[in-house]
Amino acid sequence: SELPDNAVSFLASQVCPQAASGEVDDKRAELRQIAVEYGLKLTYADLSTEEVFRRVLPACGEDPPTAFETIGHIAHLNLREQWLPYKHIIGQVILDKNPGLRTVCNKVCTLANTFRTPELELLAGQEDFVATVRESGLAFEVDYANVYWNSRLSNERSRLADLIPREDTVCDMFAGVGAFAMYLGRKGCRVLANDLNPVGAKLITTNAQRNRVSANVTSFNMDARAFVRHCAREEGLGLFDASSRPLRLHFVMNLPELAIDFLDVFRGIYRVATGRDAPSDPGSPSAGLP
């Protein structure tokens, strides 16, 4: 039957009627209303991801694994060992509860290969690891199984683009799919974007076309040290342009773990770029360079 207009409902999925009877009596006396018992049936569709996990996963002293990284239609998990026996259940629940997802995967091991690409295990959904990531008005095609991508760097990409003036030139030594390059190219910077991974280098070109910045972004597939020397010598960048006006040239190394190992390539780079020794004028923008 329908509830009266002045009904007060008590909903508590974890409290039995006997334990709540005292609370109901107190509330009834306080409000001087008639308490009506009403049955409510909850189905799987009514439960949140966490509520489902608390019902189907064993209690192990840790919260259920509800957090994941989203790469377009892909959910990427880093499951701890205790959850691995239930990985396919976890994947299916996450897929069911997030309509925008089509693929749920788990990272099997750390990024130890040359291209820093993850080894992925499909947990639920389609085995489709090519996704479109939308970020700050830009769209990136990401082949997540074959090229490095980190969604958590979105703020850093915006910060870097804000720092560099639009008339400057940027050499991105480890560009991946070209995320930094797209931000800077959209701003108007000239960007030379390099990645050792041929899949990444191809996606730089694809994403430049997709975001209409091909006029500003050029893709390279080279070793990072060879790329730096190429920028200095073959591209004619140097540290001065044809009018001897100082040219601001930025090198981006988005590889924190290994970037310091590549600093040696900048020794003698002025001579590579200009064919002459660095000027000794302390007011020169390149004074003090080896």
# chains A, B, ... in the order shown; residues from 1 in each chain; ligands from 1
call {"tool": "residues_around", "arguments": {"residues": "Val170 in chain A", "least_positions_apart": "3", "cutoff": "9 Å", "atoms": "only C-alpha atoms", "output": "PDB file with N, CA, C and O atoms, in the first residue's frame"}}
result
ATOM      1  N   ILE A 164      56.305  28.674 -20.946  1.00  0.00           N
ATOM      2  CA  ILE A 164      57.133  28.906 -22.129  1.00  0.00           C
ATOM      3  C   ILE A 164      56.436  29.881 -23.081  1.00  0.00           C
ATOM      4  O   ILE A 164      55.296  29.642 -23.506  1.00  0.00           O
ATOM      5  N   ALA A 181      53.872  18.259 -26.456  1.00  0.00           N
ATOM      6  CA  ALA A 181      54.018  18.930 -27.750  1.00  0.00           C
ATOM      7  C   ALA A 181      52.708  19.539 -28.226  1.00  0.00           C
ATOM      8  O   ALA A 181      52.694  20.632 -28.809  1.00  0.00           O
ATOM      9  N   LEU A 184      52.010  22.799 -26.315  1.00  0.00           N
ATOM     10  CA  LEU A 184      52.907  23.877 -26.730  1.00  0.00           C
ATOM     11  C   LEU A 184      52.648  24.286 -28.175  1.00  0.00           C
ATOM     12  O   LEU A 184      52.700  25.474 -28.515  1.00  0.00           O
ATOM     13  N   CYS A 189      54.184  27.689 -30.076  1.00  0.00           N
ATOM     14  CA  CYS A 189      55.607  27.361 -30.043  1.00  0.00           C
ATOM     15  C   CYS A 189      55.960  26.431 -31.202  1.00  0.00           C
ATOM     16  O   CYS A 189      55.136  25.639 -31.661  1.00  0.00           O
ATOM     17  N   ARG A 190      57.197  26.531 -31.640  1.00  0.00           N
ATOM     18  CA  ARG A 190      57.715  25.521 -32.554  1.00  0.00           C
ATOM     19  C   ARG A 190      58.196  24.353 -31.699  1.00  0.00           C
ATOM     20  O   ARG A 190      58.980  24.542 -30.754  1.00  0.00           O
ATOM     21  N   VAL A 191      57.734  23.147 -32.005  1.00  0.00           N
ATOM     22  CA  VAL A 191      58.045  21.989 -31.171  1.00  0.00           C
ATOM     23  C   VAL A 191      58.644  20.879 -32.021  1.00  0.00           C
ATOM     24  O   VAL A 191      58.064  20.469 -33.036  1.00  0.00           O
ATOM     25  N   LEU A 192      59.816  20.392 -31.609  1.00  0.00           N
ATOM     26  CA  LEU A 192      60.427  19.208 -32.193  1.00  0.00           C
ATOM     27  C   LEU A 192      60.248  18.095 -31.164  1.00  0.00           C
ATOM     28  O   LEU A 192      60.833  18.144 -30.084  1.00  0.00           O
ATOM     29  N   ALA A 193      59.417  17.120 -31.479  1.00  0.00           N
ATOM     30  CA  ALA A 193      59.026  16.105 -30.509  1.00  0.00           C
ATOM     31  C   ALA A 193      59.607  14.752 -30.909  1.00  0.00           C
ATOM     32  O   ALA A 193      59.335  14.243 -32.002  1.00  0.00           O
ATOM     33  N   ARG A 248      65.520  31.624 -27.780  1.00  0.00           N
ATOM     34  CA  ARG A 248      65.258  30.835 -26.578  1.00  0.00           C
ATOM     35  C   ARG A 248      64.869  29.421 -26.982  1.00  0.00           C
ATOM     36  O   ARG A 248      63.859  29.209 -27.663  1.00  0.00           O
ATOM     37  N   LEU A 249      65.673  28.476 -26.556  1.00  0.00           N
ATOM     38  CA  LEU A 249      65.506  27.080 -26.919  1.00  0.00           C
ATOM     39  C   LEU A 249      65.387  26.249 -25.647  1.00  0.00           C
ATOM     40  O   LEU A 249      66.236  26.313 -24.769  1.00  0.00           O
ATOM     41  N   HIS A 250      64.303  25.490 -25.527  1.00  0.00           N
ATOM     42  CA  HIS A 250      64.041  24.703 -24.320  1.00  0.00           C
ATOM     43  C   HIS A 250      64.120  23.213 -24.650  1.00  0.00           C
ATOM     44  O   HIS A 250      63.575  22.776 -25.665  1.00  0.00           O
ATOM     45  N   PHE A 251      64.769  22.456 -23.787  1.00  0.00           N
ATOM     46  CA  PHE A 251      64.791  21.004 -23.906  1.00  0.00           C
ATOM     47  C   PHE A 251      63.967  20.415 -22.769  1.00  0.00           C
ATOM     48  O   PHE A 251      64.221  20.699 -21.598  1.00  0.00           O
ATOM     49  N   VAL A 252      62.979  19.625 -23.125  1.00  0.00           N
ATOM     50  CA  VAL A 252      62.098  18.987 -22.141  1.00  0.00           C
ATOM     51  C   VAL A 252      62.503  17.521 -22.013  1.00  0.00           C
ATOM     52  O   VAL A 252      62.631  16.816 -23.026  1.00  0.00           O
TER      53      VAL A 252
END
call {"tool": "atom_distance", "arguments": {"atom1": "CA of Arg225 in chain A", "atom2": "CA of Asp261 in chain A"}}
result
10.3 Å
call {"tool": "closest_residue", "arguments": {"among": "A:Glu69, A:Asp172, A:Asp264, A:Glu121", "to": "Leu153 in chain A", "atoms": "only C-alpha atoms"}}
result
A:Glu69
call {"tool": "residues_around", "arguments": {"residues": "Asp143 in chain A", "least_positions_apart": "3", "cutoff": "6 Å", "atoms": "only C-alpha atoms", "output": "PyMOL selection string"}}
result
chain A and resi 129-130+146-147
call {"tool": "write_last_selection", "arguments": {"atoms": "C-alpha atoms", "output": "PDB file, in the first residue's frame"}}
result
ATOM      1  CA  PHE A 129      43.962  -0.804 -25.774  1.00  0.00           C
ATOM      2  CA  VAL A 130      43.855   2.029 -28.339  1.00  0.00           C
ATOM      3  CA  ASN A 146      52.582  -0.112 -26.750  1.00  0.00           C
ATOM      4  CA  VAL A 147      53.455   3.410 -25.598  1.00  0.00           C
TER       5      VAL A 147
END
call {"tool": "atom_distance", "arguments": {"atom1": "CA of Phe227 in chain A", "atom2": "CA of Gly176 in chain A"}}
result
14.3 Å
call {"tool": "closest_atom_pairs", "arguments": {"of": "range 88-163 of chain A", "to": "range 61-68 of chain A", "cutoff": "12 Å", "atoms": "only C-alpha atoms", "output": "CSV"}}
result
residue,atom,partner,partner_atom,distance
A:Ile89,CA,A:Pro65,CA,11.4
A:Ile90,CA,A:Pro65,CA,7.9
A:Gly91,CA,A:Thr66,CA,10.0
A:Val93,CA,A:Thr66,CA,9.7
A:Ile94,CA,A:Thr66,CA,7.7
A:Leu95,CA,A:Thr66,CA,11.4
A:Lys97,CA,A:Thr66,CA,10.7
A:Asn98,CA,A:Thr66,CA,11.3
A:Leu101,CA,A:Phe68,CA,11.6
A:Val104,CA,A:Phe68,CA,9.4
A:Cys105,CA,A:Phe68,CA,9.7
A:Asn106,CA,A:Phe68,CA,9.5
A:Lys107,CA,A:Phe68,CA,10.9
A:Ser151,CA,A:Phe68,CA,11.1
A:Arg152,CA,A:Phe68,CA,11.5
call {"tool": "closest_residue", "arguments": {"among": "A:Leu138, A:Arg55, A:Glu257, A:Ile269", "to": "Val213 in chain A", "atoms": "only C-alpha atoms"}}
result
A:Leu138
call {"tool": "select_by_dssp", "arguments": {"residues": "range 57-276 of chain A", "states": "helix (DSSP H, G or I)", "output": "tab-separated table (two decimals) with C-alpha atoms, in the first residue's frame"}}
result
chain	number	residue	atom	x	y	z
A	81	GLU	CA	48.66	-9.61	-4.36
A	82	GLN	CA	45.81	-10.38	-1.96
A	83	TRP	CA	43.25	-9.30	-4.56
A	84	LEU	CA	44.65	-11.30	-7.50
A	85	PRO	CA	42.50	-14.42	-6.87
A	86	TYR	CA	39.44	-12.20	-7.35
A	87	LYS	CA	40.80	-10.08	-10.21
A	88	HIS	CA	38.18	-11.05	-12.80
A	89	ILE	CA	35.31	-10.39	-10.37
A	90	ILE	CA	36.85	-7.01	-9.57
A	91	GLY	CA	37.25	-6.20	-13.25
A	92	GLN	CA	33.68	-7.15	-14.12
A	93	VAL	CA	32.19	-5.09	-11.28
A	94	ILE	CA	34.21	-2.03	-12.29
A	95	LEU	CA	33.10	-2.51	-15.90
A	96	ASP	CA	29.45	-2.88	-14.85
A	97	LYS	CA	29.45	0.18	-12.61
A	151	SER	CA	47.08	10.68	-17.04
A	152	ARG	CA	48.31	12.20	-13.77
A	153	LEU	CA	50.63	14.57	-15.66
A	154	SER	CA	47.80	16.74	-17.01
A	155	ASN	CA	48.49	19.56	-14.54
A	156	GLU	CA	52.21	19.45	-15.32
A	157	ARG	CA	51.49	19.71	-19.04
A	158	SER	CA	49.38	22.82	-18.47
A	159	ARG	CA	51.99	24.32	-16.13
A	160	LEU	CA	54.81	23.85	-18.64
A	161	ALA	CA	52.77	25.35	-21.46
A	162	ASP	CA	52.06	28.40	-19.31
A	163	LEU	CA	55.77	28.90	-18.57
A	179	ALA	CA	51.06	15.35	-25.10
A	180	PHE	CA	53.44	18.15	-24.08
A	181	ALA	CA	54.02	18.93	-27.75
A	182	MET	CA	50.28	19.39	-28.43
A	183	TYR	CA	49.90	21.85	-25.56
A	184	LEU	CA	52.91	23.88	-26.73
A	185	GLY	CA	52.04	23.63	-30.43
A	186	ARG	CA	48.54	24.92	-29.74
A	187	LYS	CA	50.09	27.89	-27.97
A	198	PRO	CA	58.36	4.12	-33.21
A	199	VAL	CA	54.74	3.75	-32.05
A	200	GLY	CA	55.07	6.95	-30.03
A	201	ALA	CA	56.73	8.82	-32.90
A	202	LYS	CA	53.91	7.81	-35.25
A	203	LEU	CA	51.26	8.91	-32.75
A	204	ILE	CA	52.94	12.32	-32.40
A	205	THR	CA	52.21	12.92	-36.08
A	206	THR	CA	48.69	11.52	-35.73
A	207	ASN	CA	47.90	13.70	-32.72
A	208	ALA	CA	49.39	16.81	-34.31
A	209	GLN	CA	47.05	16.34	-37.28
A	210	ARG	CA	44.11	15.59	-35.01
A	224	ALA	CA	67.58	11.15	-27.39
A	225	ARG	CA	71.27	12.10	-27.58
A	226	ALA	CA	71.29	11.97	-31.37
A	227	PHE	CA	68.09	14.03	-31.36
A	228	VAL	CA	69.69	16.81	-29.29
A	229	ARG	CA	72.67	17.02	-31.63
A	230	HIS	CA	70.30	16.99	-34.61
A	231	CYS	CA	68.31	19.89	-33.17
A	232	ALA	CA	71.48	21.88	-32.62
A	233	ARG	CA	73.10	21.14	-35.98
A	259	ALA	CA	66.79	12.23	-17.41
A	260	ILE	CA	69.95	13.03	-15.43
A	261	ASP	CA	71.82	10.37	-17.41
A	262	PHE	CA	71.30	12.41	-20.59
A	263	LEU	CA	72.78	15.68	-19.35
A	264	ASP	CA	76.17	14.77	-20.81
A	265	VAL	CA	74.86	15.41	-24.33
A	266	PHE	CA	74.71	19.15	-23.61
A	269	ILE	CA	76.43	21.69	-27.64
A	270	TYR	CA	77.12	25.37	-28.40
A	271	ARG	CA	80.01	24.41	-30.66
A	272	VAL	CA	77.82	21.77	-32.34
A	273	ALA	CA	75.16	24.42	-32.96
A	274	THR	CA	77.30	27.32	-34.09
